[in-house]
$ cat my_file23.txt   # compact mmCIF, C-alpha atoms
# COMPACT_ATOMS: atom_id res chain seq x y z
CA MET A 1 -51.14 -37.59 14.49
CA GLU A 2 -53.17 -34.99 16.34
CA TRP A 3 -56.57 -34.38 17.83
CA ARG A 4 -58.53 -31.76 19.74
CA ASP A 5 -61.05 -32.74 22.39
CA ASP A 6 -62.59 -31.58 25.66
CA GLY A 7 -61.44 -33.50 28.68
CA ILE A 8 -61.66 -33.73 32.45
CA ILE A 9 -58.30 -33.89 34.20
CA LEU A 10 -57.79 -37.12 36.14
CA ASN A 11 -54.19 -36.83 37.23
CA VAL A 12 -51.17 -34.56 36.91
CA ARG A 13 -47.62 -35.81 37.41
CA LYS A 14 -44.49 -33.70 37.52
CA HIS A 15 -42.16 -34.09 34.58
CA GLY A 16 -38.74 -32.50 34.66
CA GLU A 17 -38.47 -29.06 36.13
CA SER A 18 -41.52 -27.36 34.76
CA GLY A 19 -43.45 -29.90 32.70
CA ALA A 20 -46.36 -32.11 33.67
CA ILE A 21 -47.79 -35.34 32.35
CA VAL A 22 -51.53 -34.84 32.36
CA SER A 23 -54.01 -37.68 32.22
CA LEU A 24 -57.39 -36.69 30.77
CA LEU A 25 -60.74 -38.34 30.30
CA THR A 26 -61.92 -37.14 26.90
CA ARG A 27 -65.21 -37.79 25.18
CA ALA A 28 -63.98 -39.12 21.84
CA HIS A 29 -60.53 -40.46 22.75
CA GLY A 30 -61.06 -41.94 26.22
CA ARG A 31 -58.35 -41.74 28.86
CA TYR A 32 -55.33 -40.11 27.30
CA ALA A 33 -52.06 -38.74 28.65
CA GLY A 34 -49.79 -36.09 27.22
CA LEU A 35 -46.86 -33.92 28.17
CA VAL A 36 -47.79 -30.31 28.91
CA ARG A 37 -44.70 -28.13 28.66
CA GLY A 38 -44.70 -25.50 31.39
CA GLY A 39 -47.50 -27.43 33.10
CA ARG A 40 -46.15 -26.49 36.51
CA SER A 41 -45.88 -22.79 35.74
CA SER A 42 -47.92 -20.35 37.80
CA ARG A 43 -50.14 -19.79 34.75
CA LEU A 44 -51.07 -23.43 34.27
CA ARG A 45 -50.81 -24.85 37.80
CA GLY A 46 -54.28 -23.65 38.78
CA ILE A 47 -55.81 -24.98 35.58
CA LEU A 48 -54.14 -28.37 35.72
CA GLN A 49 -55.99 -29.67 38.75
CA PRO A 50 -57.95 -32.95 38.78
CA GLY A 51 -61.62 -32.37 38.03
CA ASN A 52 -61.20 -29.27 35.87
CA LEU A 53 -62.62 -29.24 32.35
CA ILE A 54 -60.16 -28.24 29.64
CA ARG A 55 -59.81 -28.27 25.87
CA ALA A 56 -56.73 -30.20 24.84
CA ASP A 57 -54.73 -30.30 21.63
CA TRP A 58 -52.67 -33.48 21.49
CA ARG A 59 -49.92 -33.92 18.95
CA ALA A 60 -47.27 -36.59 18.33
CA ARG A 61 -45.28 -37.86 15.38
CA LEU A 62 -46.38 -41.45 16.00
CA VAL A 63 -49.58 -42.53 17.70
CA GLU A 64 -47.72 -44.67 20.25
CA HIS A 65 -45.73 -41.67 21.51
CA LEU A 66 -46.68 -39.94 24.74
CA GLY A 67 -47.37 -36.77 22.75
CA ASN A 68 -47.36 -33.09 23.58
CA MET A 69 -50.49 -31.46 24.82
CA THR A 70 -51.52 -27.84 24.94
CA VAL A 71 -54.45 -26.94 27.12
CA GLU A 72 -57.06 -24.23 27.31
CA PRO A 73 -59.24 -23.90 30.43
CA LEU A 74 -62.98 -24.33 29.89
CA GLU A 75 -64.39 -24.62 33.41
CA SER A 76 -62.74 -24.56 36.82
CA ARG A 77 -64.85 -27.11 38.64
CA VAL A 78 -62.53 -27.99 41.48
CA ALA A 79 -62.05 -24.55 43.05
CA PRO A 80 -65.47 -24.42 44.79
CA LEU A 81 -64.89 -27.92 46.19
CA LEU A 82 -61.51 -27.32 47.81
CA ILE A 83 -62.93 -26.21 51.15
CA HIS A 84 -65.38 -29.12 51.41
CA PRO A 85 -63.60 -32.26 52.66
CA GLY A 86 -66.30 -34.74 51.60
CA ARG A 87 -66.85 -33.29 48.14
CA LEU A 88 -63.12 -33.07 47.53
CA ALA A 89 -62.68 -36.68 48.67
CA ALA A 90 -65.48 -37.71 46.27
CA LEU A 91 -63.78 -35.93 43.38
CA THR A 92 -60.33 -37.41 44.07
CA SER A 93 -61.85 -40.83 44.60
CA ALA A 94 -63.68 -40.63 41.25
CA CYS A 95 -60.49 -39.54 39.47
CA ALA A 96 -58.46 -42.33 41.09
CA ILE A 97 -61.06 -44.98 40.23
CA LEU A 98 -61.23 -43.87 36.58
CA GLU A 99 -57.46 -43.70 36.34
CA ALA A 100 -57.23 -47.27 37.65
CA ALA A 101 -60.25 -48.79 35.92
CA LEU A 102 -60.33 -47.35 32.42
CA PRO A 103 -58.10 -48.66 29.65
CA GLU A 104 -56.00 -45.99 27.94
CA ARG A 105 -56.92 -44.57 24.54
CA GLN A 106 -60.28 -46.28 24.14
CA ALA A 107 -63.22 -44.01 23.43
CA ALA A 108 -65.56 -43.88 26.41
CA PRO A 109 -68.19 -41.20 25.73
CA GLU A 110 -70.51 -42.61 28.38
CA MET A 111 -67.75 -42.42 31.01
CA PHE A 112 -67.00 -38.85 30.01
CA ASP A 113 -70.68 -37.88 30.28
CA LEU A 114 -70.95 -39.52 33.71
CA MET A 115 -67.81 -37.77 35.01
CA ASP A 116 -68.97 -34.50 33.46
CA LEU A 117 -72.28 -34.83 35.29
CA LEU A 118 -70.56 -35.72 38.57
CA THR A 119 -68.11 -32.80 38.50
CA ARG A 120 -70.94 -30.39 37.65
CA HIS A 121 -73.10 -31.56 40.56
CA LEU A 122 -70.61 -32.10 43.38
CA GLY A 123 -71.47 -28.61 44.59
CA ASP A 124 -75.17 -29.51 45.07
CA ASP A 125 -76.83 -30.37 48.39
CA ASP A 126 -77.26 -34.04 47.46
CA TRP A 127 -73.65 -34.40 46.25
CA ALA A 128 -73.07 -37.60 48.24
CA ALA A 129 -76.06 -39.34 46.63
CA THR A 130 -74.85 -38.07 43.24
CA TYR A 131 -71.47 -39.68 43.91
CA VAL A 132 -73.03 -43.04 44.85
CA ARG A 133 -75.25 -42.90 41.76
CA TRP A 134 -72.14 -42.14 39.70
CA GLU A 135 -70.41 -45.27 41.03
CA ALA A 136 -73.50 -47.37 40.27
CA ALA A 137 -73.73 -45.90 36.76
CA MET A 138 -70.04 -46.47 36.23
CA LEU A 139 -70.40 -50.13 37.19
CA THR A 140 -73.17 -50.40 34.59
CA ALA A 141 -71.04 -48.69 31.93
CA LEU A 142 -68.20 -51.11 32.67
CA GLY A 143 -70.55 -54.07 32.27
CA PHE A 144 -71.02 -54.89 35.96
CA GLY A 145 -74.29 -53.10 36.56
CA LEU A 146 -76.62 -53.75 39.48
CA ASP A 147 -80.00 -55.19 38.51
CA LEU A 148 -82.43 -53.33 40.75
CA THR A 149 -85.57 -53.80 38.68
CA ALA A 150 -87.10 -56.79 40.48
CA CYS A 151 -86.46 -59.23 43.30
CA ALA A 152 -84.07 -61.99 42.21
CA ALA A 153 -85.98 -64.56 44.28
CA THR A 154 -89.66 -63.69 43.83
CA GLY A 155 -89.78 -61.31 40.88
CA VAL A 156 -91.72 -58.66 42.81
CA THR A 157 -90.87 -55.04 42.10
CA ASP A 158 -91.93 -53.53 45.44
CA ASN A 159 -90.10 -53.25 48.72
CA LEU A 160 -86.65 -53.97 47.28
CA THR A 161 -84.31 -53.47 50.23
CA TYR A 162 -81.24 -55.65 49.64
CA VAL A 163 -78.81 -56.68 46.92
CA SER A 164 -77.25 -60.09 46.62
CA PRO A 165 -73.43 -59.88 46.69
CA LYS A 166 -73.30 -62.95 44.43
CA THR A 167 -75.62 -61.87 41.64
CA ALA A 168 -75.77 -58.05 42.06
CA ARG A 169 -79.56 -58.36 41.83
CA ALA A 170 -82.09 -56.78 44.15
CA VAL A 171 -83.84 -58.81 46.84
CA SER A 172 -87.13 -57.82 48.46
CA GLU A 173 -87.56 -57.47 52.22
CA GLU A 174 -89.79 -60.55 52.33
CA ALA A 175 -87.45 -62.74 50.30
CA ALA A 176 -84.40 -61.64 52.27
CA GLY A 177 -85.78 -63.32 55.42
CA PRO A 178 -83.01 -65.12 57.31
CA TYR A 179 -80.35 -64.16 54.73
CA LYS A 180 -80.42 -60.44 55.57
CA GLU A 181 -77.05 -60.55 57.28
CA ARG A 182 -75.40 -61.89 54.15
CA LEU A 183 -77.02 -59.37 51.80
CA LEU A 184 -76.04 -55.77 51.11
CA PRO A 185 -78.58 -53.11 52.13
CA LEU A 186 -80.06 -51.26 49.15
CA PRO A 187 -80.74 -47.57 49.88
CA PRO A 188 -84.02 -46.38 48.30
CA PHE A 189 -82.37 -43.49 46.43
CA LEU A 190 -80.62 -45.95 44.10
CA LEU A 191 -83.92 -47.32 42.79
CA GLU A 192 -85.05 -45.98 39.42
CA ASP A 193 -88.41 -44.68 40.69
CA ALA A 194 -86.84 -42.95 43.73
CA ASP A 195 -86.76 -39.43 42.30
CA ASP A 196 -88.81 -37.88 45.13
CA GLY A 197 -86.56 -34.84 45.55
CA ARG A 198 -85.56 -35.91 49.08
CA VAL A 199 -81.89 -35.66 50.11
CA PRO A 200 -80.90 -39.12 51.39
CA ASP A 201 -79.77 -39.33 55.01
CA ALA A 202 -76.31 -40.37 56.24
CA ASP A 203 -77.24 -44.03 56.77
CA GLU A 204 -78.57 -44.32 53.24
CA ILE A 205 -75.38 -42.80 51.83
CA ARG A 206 -73.25 -45.20 53.87
CA ASP A 207 -75.33 -48.15 52.65
CA GLY A 208 -74.94 -46.90 49.08
CA LEU A 209 -71.17 -46.52 49.40
CA ARG A 210 -70.93 -49.98 50.94
CA LEU A 211 -72.98 -51.46 48.09
CA THR A 212 -71.16 -49.86 45.16
CA GLY A 213 -67.82 -50.19 46.95
CA PHE A 214 -68.30 -53.95 47.28
CA PHE A 215 -68.87 -54.43 43.55
CA LEU A 216 -66.21 -51.91 42.51
CA ASP A 217 -63.72 -53.78 44.63
CA GLN A 218 -64.80 -57.25 43.45
CA MET A 219 -65.37 -56.52 39.77
CA VAL A 220 -63.21 -53.57 38.81
CA MET A 221 -60.34 -52.77 41.16
CA GLY A 222 -59.57 -56.26 42.50
CA PRO A 223 -59.10 -57.95 39.11
CA ALA A 224 -56.79 -55.05 38.12
CA GLY A 225 -54.70 -55.71 41.23
CA LYS A 226 -55.74 -52.41 42.79
CA HIS A 227 -57.61 -51.23 45.86
CA LEU A 228 -60.32 -48.66 46.28
CA PRO A 229 -58.68 -45.28 46.94
CA ASP A 230 -58.25 -44.22 50.60
CA GLU A 231 -60.06 -40.97 49.83
CA ARG A 232 -63.25 -42.93 49.21
CA GLY A 233 -63.33 -43.79 52.91
CA ARG A 234 -63.31 -40.08 53.75
CA ILE A 235 -66.29 -39.14 51.57
CA PHE A 236 -68.86 -39.49 54.32
CA MET B 237 -15.20 -39.88 31.65
CA ASN B 238 -12.62 -37.44 32.93
CA GLU B 239 -12.99 -35.12 35.95
CA ILE B 240 -14.24 -32.15 33.95
CA GLU B 241 -16.89 -34.19 32.18
CA ARG B 242 -18.00 -35.61 35.51
CA VAL B 243 -18.40 -32.11 36.96
CA ILE B 244 -20.42 -31.06 33.90
CA GLN B 245 -22.59 -34.15 34.09
CA LEU B 246 -23.31 -33.65 37.79
CA LEU B 247 -24.00 -29.94 37.36
CA SER B 248 -26.43 -30.64 34.53
CA ARG B 249 -28.58 -32.59 36.98
CA LEU B 250 -29.28 -29.44 38.99
CA PRO B 251 -32.61 -27.66 38.54
CA GLY B 252 -32.41 -24.91 35.93
CA LEU B 253 -29.25 -26.29 34.34
CA GLY B 254 -28.99 -28.29 31.15
CA PRO B 255 -25.81 -29.64 29.55
CA ARG B 256 -24.96 -26.29 27.91
CA SER B 257 -25.41 -24.17 31.01
CA ALA B 258 -23.64 -26.84 33.08
CA ARG B 259 -20.64 -26.53 30.76
CA ARG B 260 -20.67 -22.74 31.21
CA ALA B 261 -20.89 -23.08 34.99
CA ALA B 262 -18.08 -25.64 35.03
CA LEU B 263 -15.86 -23.43 32.90
CA HIS B 264 -16.63 -20.46 35.11
CA MET B 265 -15.54 -22.42 38.17
CA ILE B 266 -12.45 -23.84 36.52
CA ASN B 267 -11.32 -20.32 35.66
CA ARG B 268 -11.77 -19.39 39.33
CA ARG B 269 -10.39 -22.54 40.85
CA GLU B 270 -8.96 -21.04 44.01
CA SER B 271 -11.53 -18.36 44.66
CA LEU B 272 -14.66 -20.34 43.79
CA MET B 273 -14.25 -23.98 42.83
CA GLN B 274 -12.29 -25.23 45.84
CA PRO B 275 -14.29 -23.26 48.44
CA LEU B 276 -17.51 -24.47 46.78
CA ALA B 277 -16.32 -28.08 46.82
CA GLN B 278 -15.37 -27.73 50.49
CA ALA B 279 -18.68 -26.06 51.32
CA LEU B 280 -20.61 -28.83 49.57
CA LYS B 281 -18.56 -31.49 51.39
CA ASP B 282 -19.10 -29.82 54.76
CA ALA B 283 -22.81 -29.34 54.11
CA GLY B 284 -23.19 -32.93 52.93
CA GLU B 285 -21.70 -34.15 56.21
CA ALA B 286 -23.37 -31.67 58.53
CA ILE B 287 -26.95 -31.30 57.25
CA LYS B 288 -29.51 -33.15 59.30
CA ILE B 289 -33.27 -33.47 59.20
CA CYS B 290 -34.73 -31.95 62.36
CA GLY B 291 -36.25 -34.76 64.42
CA THR B 292 -38.91 -32.38 65.74
CA CYS B 293 -40.22 -30.51 62.69
CA GLY B 294 -38.59 -32.07 59.62
CA ASN B 295 -36.67 -28.92 58.66
CA LEU B 296 -33.16 -29.10 57.20
CA ASP B 297 -30.37 -27.70 59.36
CA THR B 298 -26.91 -28.53 60.64
CA ALA B 299 -28.26 -29.09 64.14
CA ASP B 300 -30.98 -31.32 65.51
CA PRO B 301 -33.28 -29.76 66.74
CA CYS B 302 -33.04 -27.09 64.06
CA GLY B 303 -32.51 -23.36 64.57
CA VAL B 304 -36.24 -22.67 64.49
CA CYS B 305 -37.17 -25.38 66.99
CA SER B 306 -34.37 -24.49 69.40
CA ASN B 307 -34.95 -20.73 69.25
CA PRO B 308 -36.51 -19.72 72.61
CA ALA B 309 -37.83 -16.49 71.05
CA ARG B 310 -40.16 -18.50 68.83
CA ASP B 311 -43.74 -19.06 69.95
CA GLY B 312 -44.05 -22.77 70.60
CA THR B 313 -47.83 -22.60 70.93
CA ILE B 314 -48.34 -21.92 67.20
CA LEU B 315 -47.35 -24.49 64.57
CA CYS B 316 -47.37 -23.83 60.86
CA VAL B 317 -47.76 -27.01 58.79
CA VAL B 318 -46.10 -26.97 55.37
CA GLU B 319 -45.66 -29.56 52.62
CA GLN B 320 -41.95 -29.14 51.95
CA VAL B 321 -38.88 -27.44 53.41
CA ALA B 322 -39.02 -24.99 50.46
CA ASP B 323 -42.41 -23.80 51.78
CA LEU B 324 -40.91 -23.27 55.22
CA TRP B 325 -38.12 -21.19 53.68
CA ALA B 326 -40.70 -19.18 51.71
CA LEU B 327 -42.60 -18.35 54.91
CA GLU B 328 -39.37 -17.52 56.75
CA ARG B 329 -38.50 -15.02 54.01
CA THR B 330 -41.62 -13.05 54.90
CA ALA B 331 -40.31 -12.67 58.48
CA SER B 332 -43.93 -12.34 59.58
CA PHE B 333 -44.37 -15.68 61.31
CA LYS B 334 -42.84 -16.12 64.75
CA GLY B 335 -44.16 -19.55 65.61
CA ARG B 336 -42.69 -22.96 64.78
CA TYR B 337 -43.11 -25.26 61.83
CA HIS B 338 -43.94 -28.82 60.93
CA VAL B 339 -42.83 -30.19 57.55
CA LEU B 340 -45.04 -33.00 56.20
CA GLY B 341 -42.64 -34.14 53.50
CA GLY B 342 -45.29 -34.33 50.78
CA VAL B 343 -49.05 -34.58 50.28
CA LEU B 344 -51.62 -37.36 50.21
CA SER B 345 -52.21 -38.70 46.73
CA ALA B 346 -54.71 -41.43 45.96
CA ILE B 347 -53.38 -41.96 42.45
CA ASP B 348 -49.69 -41.97 43.35
CA GLY B 349 -50.35 -44.16 46.39
CA VAL B 350 -49.08 -41.70 49.00
CA GLY B 351 -50.91 -42.42 52.26
CA PRO B 352 -50.82 -40.82 55.71
CA GLU B 353 -48.15 -43.27 56.85
CA ASP B 354 -45.79 -41.89 54.19
CA LEU B 355 -46.03 -38.38 55.64
CA ASN B 356 -44.89 -36.81 58.91
CA ILE B 357 -48.45 -36.65 60.28
CA SER B 358 -48.25 -38.88 63.36
CA ALA B 359 -45.42 -36.71 64.71
CA LEU B 360 -47.62 -33.65 64.19
CA VAL B 361 -50.44 -35.21 66.21
CA GLU B 362 -47.93 -36.07 68.92
CA ARG B 363 -46.61 -32.49 69.02
CA CYS B 364 -50.16 -31.20 69.37
CA SER B 365 -50.62 -33.09 72.62
CA GLY B 366 -48.12 -30.71 74.27
CA GLU B 367 -47.99 -26.92 74.48
CA VAL B 368 -49.40 -26.27 70.95
CA LYS B 369 -52.61 -24.20 70.93
CA GLU B 370 -52.98 -23.35 67.24
CA VAL B 371 -52.06 -25.15 64.03
CA ILE B 372 -51.91 -23.12 60.81
CA LEU B 373 -52.36 -25.30 57.74
CA ALA B 374 -50.21 -23.84 54.97
CA THR B 375 -50.55 -26.64 52.43
CA ASN B 376 -50.84 -25.62 48.79
CA LEU B 377 -54.23 -24.72 47.32
CA THR B 378 -54.27 -27.78 45.12
CA VAL B 379 -56.50 -30.83 45.21
CA GLU B 380 -53.80 -32.87 46.94
CA GLY B 381 -52.77 -30.05 49.29
CA GLN B 382 -56.32 -29.47 50.44
CA THR B 383 -57.06 -33.20 50.73
CA THR B 384 -54.07 -33.41 53.06
CA ALA B 385 -55.29 -30.38 55.01
CA HIS B 386 -58.74 -31.92 55.54
CA TYR B 387 -57.15 -35.17 56.67
CA ILE B 388 -54.98 -33.32 59.20
CA ILE B 389 -58.02 -31.44 60.53
CA GLU B 390 -59.68 -34.82 61.09
CA ARG B 391 -56.62 -36.22 62.87
CA LEU B 392 -56.20 -33.14 65.07
CA GLU B 393 -59.82 -32.98 66.16
CA PRO B 394 -59.35 -35.11 69.30
CA THR B 395 -56.40 -32.96 70.46
CA GLY B 396 -58.61 -29.88 70.77
CA VAL B 397 -56.09 -27.46 69.21
CA ALA B 398 -57.43 -24.59 67.11
CA VAL B 399 -56.85 -25.22 63.41
CA THR B 400 -56.62 -22.32 60.95
CA ARG B 401 -55.44 -22.07 57.35
CA LEU B 402 -53.84 -19.48 55.15
CA ALA B 403 -56.22 -17.18 53.27
CA HIS B 404 -56.89 -18.00 49.62
CA GLY B 405 -57.60 -15.40 46.98
CA VAL B 406 -56.35 -12.35 45.15
CA PRO B 407 -52.56 -11.97 45.42
CA VAL B 408 -50.94 -8.65 46.28
CA GLY B 409 -50.76 -6.65 43.04
CA GLY B 410 -53.19 -9.01 41.31
CA GLU B 411 -55.68 -7.66 38.79
CA LEU B 412 -59.05 -9.39 38.64
CA ASP B 413 -59.07 -9.41 34.86
CA TYR B 414 -55.96 -11.55 34.78
CA LEU B 415 -56.86 -14.00 37.54
CA ASP B 416 -57.96 -17.53 36.73
CA ASP B 417 -61.50 -18.68 37.56
CA GLY B 418 -60.33 -20.88 40.41
CA THR B 419 -58.54 -18.07 42.25
CA LEU B 420 -61.49 -15.73 41.79
CA SER B 421 -63.88 -18.39 43.01
CA ALA B 422 -61.72 -19.03 46.12
CA ALA B 423 -61.47 -15.30 46.75
CA LEU B 424 -65.24 -14.91 46.61
CA GLN B 425 -65.77 -17.83 48.97
CA ALA B 426 -63.22 -16.47 51.45
CA ARG B 427 -64.53 -12.87 51.41
CA ARG B 428 -64.80 -11.14 54.75
CA ALA B 429 -66.58 -8.16 56.24
CA LEU B 430 -64.86 -4.80 56.22
CA GLY B 431 -64.92 -2.49 59.20
$ encode --input "my_file23.txt" --output "structure tokens"
Amino acid sequence: MEWRDDGIILNVRKHGESGAIVSLLTRAHGRYAGLVRGGRSSRLRGILQPGNLIRADWRARLVEHLGNMTVEPLESRVAPLLIHPGRLAALTSACAILEAALPERQAAPEMFDLMDLLTRHLGDDDWAATYVRWEAAMLTALGFGLDLTACAATGVTDNLTYVSPKTARAVSEEAAGPYKERLLPLPPFLLEDADDGRVPDADEIRDGLRLTGFFLDQMVMGPAGKHLPDERGRIF
Amino acid sequence: MNEIERVIQLLSRLPGLGPRSARRAALHMINRRESLMQPLAQALKDAGEAIKICGTCGNLDTADPCGVCSNPARDGTILCVVEQVADLWALERTASFKGRYHVLGGVLSAIDGVGPEDLNISALVERCSGEVKEVILATNLTVEGQTTAHYIIERLEPTGVAVTRLAHGVPVGGELDYLDDGTLSAALQARRALG
């Protein structure tokens, strides 16, 4: 049994004196782990960092074995982020969430594309908004998407400013009325028609993180008996 | 299991030794019982009883506070923060740092569930409320090492101490052609003016 695929590193664990067990998110094979011999050597240590894009060759006698993996670097995406605390926290948070939320060895091309997009754009000015959008898109890909197309109460499509924590559907400013306190604020940059080129401000990012964090916790991490990673709290 | 097998089994647990090399090491010691094996056994016994973790910095020594912390010639206003004792030893080998150290005992890891409370960070913050004026962050240039460094910067902000970090980039004797993308990228980001 063997395969070759491109993958984004999610986690690296020490194994023995010089080996490493590397968990990857691949396009065709989903989240997959393998033993990289010499993975902690000076040659491979810099490559085997969460967030980097590599080409992996996985090989095992039986499919249920852990398998040996050889890796070839494709793109070092983490190096430019190391000096930026928020961007680095976003990257580690994304890796931790995927590691906790995705089942092993199930093809997840959409997840790979989303993570690929995130790791390529964490160096941009609007990296924080990109991260929040990534969480929202990930919820959708996992089947728990937010419905932000129209107001859940009135059906209007304008002035959508809240999301119901019960239904994950948008609520307009007018319909929110006295229930505002119980609803989650919806930052405008998460709406589909919000592509105005503006970098969202800090309050909008915080609202976005609160919104996606609530549903990630309730729908994805909680049922798996896990918590949102601490690093997520240090993103912004 | 007889005594010899036990020695071999214990030796094979050491880093760099497998069962074959453990057998060779055991045989080597047995052939030099008086000159090597017994002094080694005594030295290990003595070390096992005497080694302490320094209550101030987390270093390993036979005294608490350790030799570095109790040395009056060391500059107590500069602290170098390292992940492990091995990193402290590596810096000591350079003989170019005359300040004191603080050993964290690991790094933050979201996936492995290592949080700030699992590391020696509160003690670092406490130390910084005294005579310390500068903290040098010498955590590894890895995702986890740098995440830990950023967290420490955040925690030290209220203390007002100056926080610096080790330079990242081209190693001494390094050739650009052979460097990985990450190192080159870090070197470019950390470039500085000449002259």
$ closest_residue --input "my_file23.txt" --among "A:Leu48, A:Leu81, A:Ala60, A:Met69" --to "Asp5 in chain A" --atoms "only C-alpha atoms"
A:Met69
$ interface_residues --input "my_file23.txt" --of "chain A" --to "chain B" --cutoff "7 Å" --atoms "only C-alpha atoms" --output "number ranges by chain"
A: 17, 46, 49-50, 76, 79-80, 82, 85, 88-89, 96, 229-231
$ axis_aligned_box --input "my_file23.txt" --around "range 402-410 of chain B" --padding-each-side "6 Å" --output "lines of an AutoDock Vina configuration file"
center_x = -54.2
center_y = -13.1
center_z = 48.2
size_x = 18.8
size_y = 24.8
size_z = 25.8
$ residues_around --input "my_file23.txt" --residues "range 215-220 of chain A" --least-positions-apart "4" --cutoff "12 Å" --atoms "all atoms listed in the file" --output "ChimeraX atom specification"
/A:94,97-103,132,134-146,163-169,184,208-211,224-229,232
$ residues_around --input "my_file23.txt" --residues "Ala283 in chain B" --least-positions-apart "5" --cutoff "12 Å" --atoms "all atoms listed in the file" --output "number ranges by chain"
B: 275-278, 288, 296-299
$ residues_near_point --input "my_file23.txt" --point "(-69.9, -32.2, 40.5)" --cutoff "12 Å" --atoms "only C-alpha atoms" --output "ChimeraX atom specification"
/A:8,51-53,75-81,86-92,94-95,113-131,134
$ closest_residue --input "my_file23.txt" --among "A:Ser93, A:Thr212, A:Thr161, A:Thr149" --to "Leu183 in chain A" --atoms "only C-alpha atoms"
A:Thr161
$ decode --input "my_file23.txt" --residues "range 2-53 of chain A" --atoms "C-alpha atoms" --output "compact mmCIF listing (two decimals), in the first residue's frame"
# COMPACT_ATOMS: atom_id res chain seq x y z
CA GLU A 2 1.46 3.36 -0.96
CA TRP A 3 0.48 6.78 -2.18
CA ARG A 4 1.99 10.14 -3.06
CA ASP A 5 0.17 13.38 -2.31
CA ASP A 6 0.74 17.01 -1.40
CA GLY A 7 -0.09 17.88 2.17
CA ILE A 8 -0.04 20.62 4.76
CA ILE A 9 1.62 19.65 8.03
CA LEU A 10 -0.76 19.80 10.99
CA ASN A 11 1.34 18.32 13.76
CA VAL A 12 4.73 16.79 14.41
CA ARG A 13 5.41 14.50 17.36
CA LYS A 14 8.77 13.14 18.43
CA HIS A 15 9.28 9.45 17.91
CA GLY A 16 12.33 7.74 19.34
CA GLU A 17 15.60 9.59 19.14
CA SER A 18 15.47 11.06 15.69
CA GLY A 19 12.13 10.13 14.15
CA ALA A 20 8.89 12.07 13.99
CA ILE A 21 5.27 11.15 13.54
CA VAL A 22 3.90 13.71 11.13
CA SER A 23 0.21 14.41 10.71
CA LEU A 24 -0.70 15.84 7.31
CA LEU A 25 -3.80 17.21 5.67
CA THR A 26 -3.65 15.90 2.11
CA ARG A 27 -5.97 16.62 -0.77
CA ALA A 28 -6.85 13.08 -1.84
CA HIS A 29 -6.26 11.12 1.38
CA GLY A 30 -7.48 13.50 4.08
CA ARG A 31 -5.74 13.69 7.44
CA TYR A 32 -3.01 11.09 7.48
CA ALA A 33 -0.11 10.32 9.80
CA GLY A 34 3.16 8.59 9.08
CA LEU A 35 6.56 7.98 10.59
CA VAL A 36 9.31 10.12 9.10
CA ARG A 37 12.69 8.56 9.87
CA GLY A 38 15.22 11.24 10.71
CA GLY A 39 12.36 13.72 11.03
CA ARG A 40 14.15 15.54 13.83
CA SER A 41 17.43 15.86 11.96
CA SER A 42 18.76 19.32 11.20
CA ARG A 43 17.89 18.75 7.53
CA LEU A 44 14.22 17.98 8.13
CA ARG A 45 13.45 19.93 11.31
CA GLY A 46 12.91 23.19 9.46
CA ILE A 47 10.71 21.54 6.86
CA LEU A 48 8.58 19.60 9.32
CA GLN A 49 6.83 22.58 10.87
CA PRO A 50 3.04 22.94 11.06
CA GLY A 51 1.70 24.95 8.13
CA ASN A 52 4.39 24.01 5.61
CA LEU A 53 3.39 22.44 2.30
